[in-house]
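Pasting work-v9.tsv here (TSV, C-alpha atoms and all ligand atoms):
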```tsv
chain	number	residue	atom	x	y	z
A	1226	MET	CA	53.32	77.29	64.48
A	1227	ILE	CA	53.46	77.52	68.27
A	1228	VAL	CA	54.26	80.97	69.66
A	1229	ARG	CA	56.76	80.44	72.47
A	1230	PRO	CA	56.86	83.10	75.22
A	1231	ARG	CA	58.70	80.51	77.31
A	1232	ARG	CA	61.92	81.24	75.38
A	1233	LEU	CA	62.26	84.46	77.42
A	1234	ARG	CA	62.11	82.39	80.61
A	1235	ARG	CA	64.74	79.80	79.72
A	1236	ASN	CA	67.42	80.76	82.20
A	1237	LYS	CA	68.20	83.40	84.80
A	1238	VAL	CA	70.37	85.57	82.52
A	1239	ILE	CA	67.63	85.77	79.90
A	1240	ARG	CA	64.91	86.32	82.51
A	1241	ASP	CA	66.93	89.11	84.11
A	1242	MET	CA	67.58	90.71	80.72
A	1243	ALA	CA	63.88	90.64	79.87
A	1244	ALA	CA	62.61	91.76	83.28
A	1245	GLU	CA	60.12	94.62	83.13
A	1246	THR	CA	60.60	95.55	86.77
A	1247	ARG	CA	63.98	96.34	88.29
A	1248	LEU	CA	64.58	97.09	91.91
A	1249	SER	CA	67.23	98.96	93.81
A	1250	PRO	CA	67.85	99.59	97.53
A	1251	SER	CA	67.57	103.32	96.80
A	1252	MET	CA	63.79	102.93	96.58
A	1253	LEU	CA	63.46	101.61	100.14
A	1254	VAL	CA	62.42	103.50	103.28
A	1255	TYR	CA	62.52	101.87	106.71
A	1256	PRO	CA	60.04	102.98	109.43
A	1257	ILE	CA	61.38	103.24	113.00
A	1258	PHE	CA	59.52	103.86	116.27
A	1259	ILE	CA	61.16	106.24	118.77
A	1260	ARG	CA	60.00	106.17	122.36
A	1261	GLU	CA	60.74	108.71	125.02
A	1262	GLY	CA	63.26	107.54	127.62
A	1263	LYS	CA	66.85	106.31	127.84
A	1264	GLY	CA	68.53	103.03	127.00
A	1265	ILE	CA	65.38	101.54	125.47
A	1266	GLU	CA	65.50	98.87	122.79
A	1267	GLU	CA	62.32	96.84	123.19
A	1268	ASP	CA	60.48	94.30	121.05
A	1269	ILE	CA	57.07	95.07	119.58
A	1270	PRO	CA	55.00	91.92	120.20
A	1271	ALA	CA	52.58	92.41	117.30
A	1272	MET	CA	55.45	93.02	114.87
A	1273	PRO	CA	58.05	90.28	115.43
A	1274	GLY	CA	61.55	91.55	114.58
A	1275	GLN	CA	60.65	95.26	114.97
A	1276	LYS	CA	61.67	97.38	117.96
A	1277	ARG	CA	61.09	100.64	119.72
A	1278	TYR	CA	64.20	102.72	120.41
A	1279	SER	CA	64.84	105.75	122.59
A	1280	PRO	CA	66.68	108.69	120.99
A	1281	ASP	CA	70.00	107.55	122.54
A	1282	THR	CA	69.82	103.94	121.26
A	1283	PHE	CA	68.41	104.95	117.86
A	1284	PRO	CA	71.90	105.36	116.26
A	1285	ARG	CA	72.42	101.59	116.82
A	1286	ALA	CA	69.46	100.90	114.57
A	1287	LEU	CA	70.88	103.28	111.96
A	1288	GLU	CA	74.23	101.55	112.02
A	1289	ALA	CA	72.66	98.16	111.26
A	1290	LEU	CA	70.47	99.74	108.63
A	1291	GLU	CA	73.35	101.42	106.81
A	1292	LYS	CA	75.13	98.06	106.62
A	1293	SER	CA	72.08	96.49	105.00
A	1294	GLY	CA	72.17	99.13	102.24
A	1295	VAL	CA	69.04	101.11	103.17
A	1296	SER	CA	69.63	104.86	103.26
A	1297	SER	CA	66.24	106.34	104.24
A	1298	VAL	CA	64.26	106.13	107.47
A	1299	LEU	CA	60.77	107.26	108.45
A	1300	LEU	CA	60.41	108.21	112.12
A	1301	PHE	CA	57.37	107.82	114.37
A	1302	GLY	CA	57.33	109.22	117.91
A	1303	ILE	CA	55.84	107.78	121.07
A	1304	PRO	CA	55.75	110.51	123.73
A	1305	GLU	CA	55.54	110.05	127.49
A	1306	HIS	CA	52.77	112.63	127.85
A	1307	LYS	CA	49.72	113.03	125.64
A	1308	ASP	CA	47.16	115.83	125.72
A	1309	GLU	CA	44.06	117.04	123.88
A	1310	CYS	CA	46.05	119.01	121.31
A	1311	GLY	CA	49.06	116.72	120.87
A	1312	SER	CA	51.55	119.34	122.02
A	1313	GLU	CA	54.50	116.92	122.16
A	1314	ALA	CA	54.29	116.61	118.37
A	1315	TYR	CA	55.49	120.21	117.92
A	1316	ASN	CA	57.71	120.47	121.00
A	1317	GLU	CA	61.20	121.36	119.76
A	1318	ASN	CA	62.54	118.87	122.29
A	1319	GLY	CA	59.96	116.22	121.43
A	1320	VAL	CA	61.07	112.64	121.04
A	1321	VAL	CA	61.31	112.68	117.22
A	1322	GLN	CA	63.09	116.06	117.26
A	1323	GLN	CA	65.66	114.62	119.71
A	1324	ALA	CA	66.12	111.52	117.57
A	1325	LEU	CA	66.58	113.64	114.43
A	1326	ARG	CA	69.34	115.69	116.05
A	1327	GLU	CA	71.05	112.55	117.35
A	1328	GLY	CA	70.71	110.68	114.05
A	1329	LYS	CA	71.88	113.57	111.86
A	1330	LYS	CA	74.96	114.01	114.04
A	1331	TYR	CA	76.25	110.46	113.46
A	1332	PHE	CA	74.69	109.59	110.11
A	1333	PRO	CA	74.79	112.67	107.88
A	1334	ASP	CA	74.30	110.54	104.75
A	1335	ILE	CA	71.03	108.97	105.83
A	1336	CYS	CA	67.83	110.61	104.58
A	1337	PHE	CA	65.58	111.35	107.55
A	1338	ILE	CA	61.84	111.46	106.97
A	1339	ALA	CA	59.56	112.49	109.84
A	1340	ASP	CA	55.93	111.37	110.01
A	1341	VAL	CA	53.68	114.37	110.61
A	1342	CYS	CA	50.52	113.46	112.51
A	1343	LEU	CA	48.93	114.07	115.88
A	1344	CYS	CA	47.42	110.64	116.67
A	1345	GLU	CA	50.44	109.34	118.58
A	1346	TYR	CA	50.44	112.55	120.64
A	1347	THR	CA	46.77	113.19	121.45
A	1348	SER	CA	45.06	111.77	124.54
A	1349	HIS	CA	42.04	110.81	122.39
A	1350	GLY	CA	44.18	109.19	119.65
A	1351	HIS	CA	42.63	111.08	116.73
A	1352	CYS	CA	44.78	112.73	114.06
A	1353	GLY	CA	43.58	116.28	114.77
A	1354	LEU	CA	41.89	118.63	117.22
A	1355	LEU	CA	38.42	117.65	118.36
A	1356	LYS	CA	35.27	119.73	118.23
A	1357	GLY	CA	32.82	117.59	120.17
A	1358	LYS	CA	33.25	114.13	118.67
A	1359	GLU	CA	34.51	115.41	115.33
A	1360	VAL	CA	37.99	116.15	114.06
A	1361	ASP	CA	38.16	119.86	113.26
A	1362	ASN	CA	40.07	120.29	110.00
A	1363	ASP	CA	41.20	123.91	109.81
A	1364	PRO	CA	42.56	124.53	113.34
A	1365	THR	CA	44.45	121.23	113.02
A	1366	LEU	CA	46.39	122.57	110.01
A	1367	GLU	CA	48.36	125.07	112.09
A	1368	LEU	CA	49.44	122.32	114.52
A	1369	LEU	CA	50.52	120.02	111.70
A	1370	ALA	CA	52.47	122.87	110.12
A	1371	ARG	CA	54.19	123.62	113.43
A	1372	THR	CA	55.05	119.94	113.83
A	1373	ALA	CA	56.58	119.80	110.36
A	1374	LEU	CA	58.58	122.98	110.94
A	1375	SER	CA	60.01	121.77	114.25
A	1376	GLN	CA	61.01	118.48	112.59
A	1377	ALA	CA	62.64	120.30	109.67
A	1378	GLN	CA	64.52	122.52	112.09
A	1379	ALA	CA	65.70	119.44	114.02
A	1380	GLY	CA	67.16	118.00	110.80
A	1381	ALA	CA	64.40	116.19	108.89
A	1382	ASP	CA	65.20	116.17	105.17
A	1383	ILE	CA	61.61	115.27	104.35
A	1384	VAL	CA	58.34	115.66	106.26
A	1385	ALA	CA	55.55	113.16	105.64
A	1386	PRO	CA	52.04	114.25	106.65
A	1387	SER	CA	49.82	111.19	107.33
A	1388	ASP	CA	46.86	113.00	108.92
A	1389	MET	CA	44.51	113.16	105.87
A	1390	MET	CA	43.32	116.71	106.68
A	1391	ASP	CA	42.23	118.80	103.68
A	1392	GLY	CA	44.74	121.51	102.79
A	1393	HIS	CA	47.57	120.00	104.86
A	1394	VAL	CA	50.28	120.15	102.23
A	1395	ALA	CA	49.64	123.83	101.45
A	1396	ALA	CA	49.64	124.70	105.16
A	1397	ILE	CA	52.92	122.87	105.76
A	1398	ARG	CA	54.58	124.29	102.61
A	1399	SER	CA	53.77	127.87	103.53
A	1400	LYS	CA	54.95	127.40	107.13
A	1401	LEU	CA	58.24	125.84	105.99
A	1402	ASP	CA	58.85	128.50	103.34
A	1403	GLY	CA	58.01	131.30	105.77
A	1404	ALA	CA	60.74	130.04	108.10
A	1405	GLY	CA	63.42	129.70	105.42
A	1406	MET	CA	63.05	125.91	105.13
A	1407	GLU	CA	62.17	125.94	101.44
A	1408	ASP	CA	64.51	123.02	100.73
A	1409	THR	CA	62.67	120.58	103.01
A	1410	LEU	CA	60.66	118.11	100.92
A	1411	ILE	CA	57.07	117.05	101.53
A	1412	PHE	CA	56.25	113.37	101.01
A	1413	SER	CA	52.49	113.32	101.45
A	1414	TYR	CA	50.43	110.31	102.42
A	1415	ALA	CA	47.99	111.68	99.85
A	1416	VAL	CA	45.95	108.52	99.37
A	1417	LYS	CA	45.55	106.89	102.76
A	1418	TYR	CA	42.69	104.52	103.45
A	1419	ALA	CA	40.84	103.84	106.72
A	1420	SER	CA	42.36	100.38	106.97
A	1421	ALA	CA	42.27	97.53	109.47
A	1422	PHE	CA	45.78	96.67	108.25
A	1423	TYR	CA	47.15	99.38	110.59
A	1424	GLY	CA	46.27	97.26	113.65
A	1425	PRO	CA	49.80	96.23	114.70
A	1426	PHE	CA	51.09	99.79	114.22
A	1427	ARG	CA	48.52	101.14	116.64
A	1428	GLU	CA	49.75	98.66	119.23
A	1429	ALA	CA	53.36	99.60	118.48
A	1430	ALA	CA	52.69	103.33	118.74
A	1431	GLY	CA	49.85	103.30	121.25
A	1432	SER	CA	47.81	105.40	118.83
A	1433	ALA	CA	44.42	103.66	118.57
A	1434	PRO	CA	41.55	106.19	118.81
A	1435	SER	CA	39.86	106.12	122.22
A	1436	PHE	CA	36.42	106.35	120.57
A	1437	GLY	CA	35.08	105.92	117.06
A	1438	ASP	CA	37.35	105.34	114.07
A	1439	ARG	CA	39.16	107.35	111.40
A	1440	ARG	CA	36.57	107.01	108.62
A	1441	SER	CA	35.64	110.68	108.65
A	1442	TYR	CA	39.11	111.64	107.46
A	1443	GLN	CA	40.89	108.56	106.04
A	1444	MET	CA	39.57	107.22	102.73
A	1445	ASP	CA	36.86	104.69	102.04
A	1446	PRO	CA	38.41	101.43	100.72
A	1447	ARG	CA	35.65	101.24	98.10
A	1448	ASN	CA	36.99	104.27	96.20
A	1449	VAL	CA	39.70	104.67	93.62
A	1450	ARG	CA	38.59	107.77	91.69
A	1451	GLU	CA	38.62	109.63	94.96
A	1452	GLY	CA	42.23	108.48	95.48
A	1453	VAL	CA	43.22	110.07	92.18
A	1454	ARG	CA	41.52	113.28	93.30
A	1455	GLU	CA	43.36	113.29	96.64
A	1456	ALA	CA	46.66	112.71	94.83
A	1457	MET	CA	46.04	115.61	92.41
A	1458	LEU	CA	45.10	117.96	95.24
A	1459	ASP	CA	48.27	117.23	97.20
A	1460	ILE	CA	50.42	117.65	94.09
A	1461	GLU	CA	48.73	121.01	93.37
A	1462	GLU	CA	49.35	122.08	96.96
A	1463	GLY	CA	53.06	121.42	96.49
A	1464	ALA	CA	53.79	117.82	97.52
A	1465	ASP	CA	57.20	116.71	96.19
A	1466	MET	CA	56.25	113.04	96.46
A	1467	ILE	CA	53.03	111.25	97.27
A	1468	MET	CA	52.10	107.88	98.67
A	1469	VAL	CA	49.34	105.29	98.49
A	1470	LYS	CA	48.72	103.35	101.69
A	1471	PRO	CA	48.34	100.40	102.44
A	1472	GLY	CA	50.33	98.56	99.75
A	1473	LEU	CA	49.41	95.08	98.55
A	1474	PRO	CA	45.61	95.29	98.99
A	1475	TYR	CA	45.58	98.59	97.03
A	1476	LEU	CA	47.69	97.83	93.94
A	1477	ASP	CA	44.90	99.02	91.64
A	1478	VAL	CA	44.96	102.41	93.38
A	1479	LEU	CA	48.74	102.55	93.15
A	1480	ARG	CA	48.53	101.87	89.42
A	1481	ALA	CA	45.85	104.53	88.89
A	1482	VAL	CA	47.72	107.15	90.92
A	1483	SER	CA	51.10	106.40	89.33
A	1484	GLU	CA	49.58	106.91	85.88
A	1485	ILE	CA	48.41	110.46	86.61
A	1486	SER	CA	51.14	111.63	88.97
A	1487	SER	CA	53.70	114.23	87.93
A	1488	VAL	CA	55.79	113.53	91.06
A	1489	PRO	CA	57.39	110.30	92.40
A	1490	VAL	CA	54.88	107.87	93.87
A	1491	GLY	CA	55.50	105.73	96.92
A	1492	THR	CA	53.57	103.06	98.71
A	1493	TYR	CA	53.53	102.00	102.34
A	1494	CYS	CA	53.49	98.25	102.93
A	1495	VAL	CA	51.94	98.63	106.39
A	1496	SER	CA	52.23	96.88	109.73
A	1497	GLY	CA	49.39	94.40	109.10
A	1498	GLU	CA	50.96	93.30	105.83
A	1499	TYR	CA	54.24	92.77	107.67
A	1500	SER	CA	52.75	90.87	110.60
A	1501	MET	CA	50.66	88.57	108.37
A	1502	ILE	CA	53.75	87.45	106.50
A	1503	LYS	CA	55.73	87.06	109.73
A	1504	ALA	CA	52.98	85.00	111.37
A	1505	ALA	CA	52.54	82.70	108.38
A	1506	ALA	CA	56.30	82.24	108.05
A	1507	ALA	CA	56.67	81.47	111.78
A	1508	ASN	CA	54.14	78.68	111.29
A	1509	GLY	CA	56.00	77.31	108.31
A	1510	TRP	CA	53.11	78.14	105.99
A	1511	LEU	CA	55.01	80.53	103.70
A	1512	ASP	CA	58.57	80.82	102.45
A	1513	GLU	CA	59.36	84.17	104.08
A	1514	LYS	CA	62.25	85.25	101.84
A	1515	ARG	CA	60.39	84.50	98.63
A	1516	VAL	CA	57.24	86.25	99.81
A	1517	ILE	CA	59.22	89.34	100.80
A	1518	ALA	CA	60.90	89.39	97.39
A	1519	GLU	CA	57.60	88.97	95.56
A	1520	THR	CA	56.03	91.73	97.67
A	1521	ALA	CA	58.73	94.19	96.58
A	1522	VAL	CA	58.36	93.21	92.93
A	1523	CYS	CA	54.56	93.51	92.96
A	1524	LEU	CA	54.60	96.96	94.56
A	1525	ALA	CA	57.16	98.23	92.04
A	1526	ARG	CA	55.34	96.62	89.09
A	1527	ALA	CA	52.12	98.40	90.12
A	1528	GLY	CA	53.92	101.74	89.89
A	1529	ALA	CA	55.79	102.40	93.14
A	1530	ASP	CA	59.00	104.39	92.80
A	1531	ILE	CA	59.45	104.31	96.58
A	1532	ILE	CA	58.54	101.49	98.98
A	1533	VAL	CA	58.13	102.16	102.70
A	1534	THR	CA	58.40	98.81	104.46
A	1535	TYR	CA	59.45	97.08	107.67
A	1536	PHE	CA	61.13	94.53	105.37
A	1537	ALA	CA	63.49	97.19	103.93
A	1538	PRO	CA	66.73	95.70	105.38
A	1539	GLU	CA	65.89	92.17	104.13
A	1540	MET	CA	64.84	93.51	100.72
A	1541	ALA	CA	68.03	95.57	100.39
A	1542	ARG	CA	70.17	92.55	101.24
A	1543	MET	CA	68.38	90.43	98.66
A	1544	MET	CA	68.73	93.14	96.02
A	1545	LYS	CA	72.46	93.44	96.69
A	1546	GLU	CA	72.91	89.69	96.47
A	1547	GLY	CA	71.05	89.49	93.18
A	1548	GLU	CA	68.22	87.43	94.68
A	1549	LEU	CA	65.71	90.12	93.88
A	1601	LIG	C1	49.62	107.93	111.71
A	1601	LIG	C2	50.02	106.75	110.95
A	1601	LIG	C3	49.49	105.44	110.98
A	1601	LIG	C4	50.30	104.66	110.16
A	1601	LIG	C5	51.26	105.50	109.63
A	1601	LIG	N1	51.05	106.79	110.11
A	1601	LIG	C6	48.37	104.88	111.76
A	1601	LIG	C7	47.00	105.27	111.49
A	1601	LIG	O1	46.67	106.07	110.61
A	1601	LIG	O2	46.16	104.78	112.25
A	1601	LIG	C8	50.17	103.18	109.93
A	1601	LIG	C9	51.42	102.48	109.53
A	1601	LIG	C10	51.39	101.00	109.63
A	1601	LIG	O3	50.34	100.37	109.89
A	1601	LIG	O4	52.47	100.42	109.45
A	1601	LIG	N2	48.43	108.54	111.36
```
Could you express the structure from this file as C-alpha cells?
Amino acid sequence: MIVRPRRLRRNKVIRDMAAETRLSPSMLVYPIFIREGKGIEEDIPAMPGQKRYSPDTFPRALEALEKSGVSSVLLFGIPEHKDECGSEAYNENGVVQQALREGKKYFPDICFIADVCLCEYTSHGHCGLLKGKEVDNDPTLELLARTALSQAQAGADIVAPSDMMDGHVAAIRSKLDGAGMEDTLIFSYAVKYASAFYGPFREAAGSAPSFGDRRSYQMDPRNVREGVREAMLDIEEGADMIMVKPGLPYLDVLRAVSEISSVPVGTYCVSGEYSMIKAAAANGWLDEKRVIAETAVCLARAGADIIVTYFAPEMARMMKEGEL
C-alpha cells in the first residue's frame, strides 16, 4: 500500500489546517534609521525602499507602519558629530532620544526598541572604547549602560544591546534598576556574528570601522556551541529576550538557541539579506513577494518568536491578507 503524505497538501484549507508554522504581524519588528537634522526623508542607495528620517519626519514613517499592521520599531541613530567615546549615544538630547520622545507622543501604542551600541557614534567606528587598537570591554560597559538609561528615560520600551561586550546585559540591567527603570525590557543581540551581511547597514548608518574589523568581539561564523553559551550568559545576566543575527544563513544557530532558551528568541534578517533579495527581484530573477513570504516562514520554522526585518510592512500585509 502506498503511504500518501500528499493528502495533507490537497488544497489550501487542508494545507493551512496542517501547517506546523503559523505567523502573525505581532512577531515583526521594523528597523528605522534616524538622522540628525530637520525635514529629512532620504533614500538609502544600498537598501532600495528604505529611508533615513530626521526626528521630525519620523512620525510619518510610523503612520505608514501602523497602517501596515506592524506595531514594533527598532531605532538606529546617525549623529552629526562623532568622537572617540561615542558621546552622542548617551546624550539625553541625542538623535534617537529625540525621536523616541517625538514617536511616543504621537504613537503611544507602538513598541519602541532602541539599539544600544557605540559604533554609529564613535569616530573610529568600533562598538566600544579603544585601548590602542583594541576594544576595551569593561570601561565600555558604563557607556552602554548610560546609553540604555537615556533611551529608557526618553521613552524606549525595550533596549537592545548589539555591541557584543561581555557582561553588557548585567551592566545595563543594574543601571536601569538603579534609576527606577525596572520595567524597561532588554532584548539582547546575544548571538551576533562578525558578518559580511551587515555591509549595506554600515553604508546606511555610516558605521564601518575605520581600521580592522569586529572579529575580536562579534562571533566567529564557524561556531554554534559558542552561540549557545553566549545566549545562556545573556539570559543569566537578565535578558528578557535574545536574538540570533544574521537570520537566513544562521538557521542552525537559531534552532540550537531556541531549543535551550527560557526566554523568547528573535532573529534579525539583516541588511545584506534584504538587499540581495531586492537586487535579484529588480533584475527579474526572483519573485519578490514569494521570497519574502518564504523568508518569514523559514525564520519562524527554525525557532524565531520575533523577526526583525526591513520587510516587516510587506510581511504584515501578506499575513493580514492570508497570503502568508
Ligand atoms: C550595530 C549594529 C549593526 C547592525 C545592527 N546593529 C552593524 C554592525 O554590527 O556592524 C547590522 C544590521 C543590519 O545589517 O541590518 N552594532
> Hey, can you pull every residue with an atom no more than 12 Å from (59.3, 100.8, 108.7), using only C-alpha atoms, and send it as a PyMOL selection string?
Replying inline: chain A and resi 1253-1259+1272+1274-1277+1286+1290+1295+1297-1301+1338-1340+1426+1429+1492-1499+1532-1539
Using C-alpha atoms, can you write the selected residues to a file as a CSV table (one decimal), in the coordinates of the input?
```csv
chain,number,residue,atom,x,y,z
A,1253,LEU,CA,63.5,101.6,100.1
A,1254,VAL,CA,62.4,103.5,103.3
A,1255,TYR,CA,62.5,101.9,106.7
A,1256,PRO,CA,60.0,103.0,109.4
A,1257,ILE,CA,61.4,103.2,113.0
A,1258,PHE,CA,59.5,103.9,116.3
A,1259,ILE,CA,61.2,106.2,118.8
A,1272,MET,CA,55.4,93.0,114.9
A,1274,GLY,CA,61.6,91.6,114.6
A,1275,GLN,CA,60.6,95.3,115.0
A,1276,LYS,CA,61.7,97.4,118.0
A,1277,ARG,CA,61.1,100.6,119.7
A,1286,ALA,CA,69.5,100.9,114.6
A,1290,LEU,CA,70.5,99.7,108.6
A,1295,VAL,CA,69.0,101.1,103.2
A,1297,SER,CA,66.2,106.3,104.2
A,1298,VAL,CA,64.3,106.1,107.5
A,1299,LEU,CA,60.8,107.3,108.4
A,1300,LEU,CA,60.4,108.2,112.1
A,1301,PHE,CA,57.4,107.8,114.4
A,1338,ILE,CA,61.8,111.5,107.0
A,1339,ALA,CA,59.6,112.5,109.8
A,1340,ASP,CA,55.9,111.4,110.0
A,1426,PHE,CA,51.1,99.8,114.2
A,1429,ALA,CA,53.4,99.6,118.5
A,1492,THR,CA,53.6,103.1,98.7
A,1493,TYR,CA,53.5,102.0,102.3
A,1494,CYS,CA,53.5,98.2,102.9
A,1495,VAL,CA,51.9,98.6,106.4
A,1496,SER,CA,52.2,96.9,109.7
A,1497,GLY,CA,49.4,94.4,109.1
A,1498,GLU,CA,51.0,93.3,105.8
A,1499,TYR,CA,54.2,92.8,107.7
A,1532,ILE,CA,58.5,101.5,99.0
A,1533,VAL,CA,58.1,102.2,102.7
A,1534,THR,CA,58.4,98.8,104.5
A,1535,TYR,CA,59.4,97.1,107.7
A,1536,PHE,CA,61.1,94.5,105.4
A,1537,ALA,CA,63.5,97.2,103.9
A,1538,PRO,CA,66.7,95.7,105.4
A,1539,GLU,CA,65.9,92.2,104.1
```
> So how far away is CA of Gly1311 in chain A from CA of Thr1347 in chain A, in Å?
Replying inline: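 Going from CA of Thr1347 in chain A over to CA of Gly1311 in chain A covers 4.2 Å.
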>> Could you check which residues have any atom within 10 Å of (44.5, 101.8, 87.4), counting only C-alpha atoms with coordinates taken straight from the file, and then list them as a VMD selection string?
In response: chain A and resid 1449 to 1450 1453 1476 to 1485 1527 to 1528
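Once Asp1445 in chain A and its same-chain neighbours fewer than 2 positions away are set aside, Val1416, Lys1417, Tyr1418, Ala1419, Ser1420, Ala1421, Arg1439, Arg1440, Ser1441, Tyr1442, Gln1443, Arg1447, Asn1448, Val1449, Arg1450, Glu1451, Gly1452, Lys1470 and Tyr1475 of chain A remain within 12 Å of it when counting only C-alpha atoms.
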Padding 6 Å on every side, please: axis-aligned box over the listed atoms of range 1449-1467 of chain A, centre and edge lengths to one decimal in Å, as AutoDock Vina command-line options.
```
--center_x 47.9 --center_y 113.4 --center_z 94.6 --size_x 30.6 --size_y 29.4 --size_z 17.8
```
>> Between CA of Asp1402 in chain A and CA of Asp1388 in chain A, what is the distance in Å, rounded to a tenth?
In response: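 Separation between CA of Asp1402 in chain A and CA of Asp1388 in chain A: 20.4 Å.
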> Any idea what the distance is between CA of Ala1464 in chain A and CA of Ile1411 in chain A?
Replying inline: 5.2 Å
> Within 7 Å of Ser1348 in chain A, counting all atoms listed in the file, which residues qualify if same-chain residues fewer than 5 places away don't, as a list in words?
Replying inline: Lys1307, Asp1308 and Glu1309 of chain A
Put those residues in a file: C-alpha atoms, as an mmCIF file, in the frame of the given file.
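Output saved as part.cif:
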```cif
data_model
loop_
_atom_site.group_PDB
_atom_site.id
_atom_site.type_symbol
_atom_site.label_atom_id
_atom_site.label_comp_id
_atom_site.auth_asym_id
_atom_site.auth_seq_id
_atom_site.Cartn_x
_atom_site.Cartn_y
_atom_site.Cartn_z
ATOM 1 C CA LYS A 1307 49.720 113.030 125.640
ATOM 2 C CA ASP A 1308 47.160 115.830 125.720
ATOM 3 C CA GLU A 1309 44.060 117.040 123.880
#
```
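In terms of minimum interatomic distance to Ala1314 in chain A, A:Glu1345 ranks closest within A:Glu1345, A:Glu1455, A:Asp1268, A:Glu1428, counting only C-alpha atoms.
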>> Would you pick out the contacts of Leu1248 in chain A at 9 Å or less, using only C-alpha atoms, so that residues sharing its chain but fewer than 5 positions from it are not included, and give the list as a list in words?
In response: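 Residues near the query, excluding close chain neighbours: Ala1521, Val1522, Ala1525, Met1544 and Leu1549 of chain A.
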Saved selection, atoms kept: C-alpha atoms, as a short mmCIF file (atom, residue, chain, number, x, y, z; two decimals), in the coordinates of the input:
```cif
data_model
loop_
_atom_site.label_atom_id
_atom_site.label_comp_id
_atom_site.auth_asym_id
_atom_site.auth_seq_id
_atom_site.Cartn_x
_atom_site.Cartn_y
_atom_site.Cartn_z
CA ALA A 1521 58.73 94.19 96.58
CA VAL A 1522 58.36 93.21 92.93
CA ALA A 1525 57.16 98.23 92.04
CA MET A 1544 68.73 93.14 96.02
CA LEU A 1549 65.71 90.12 93.88
#
```
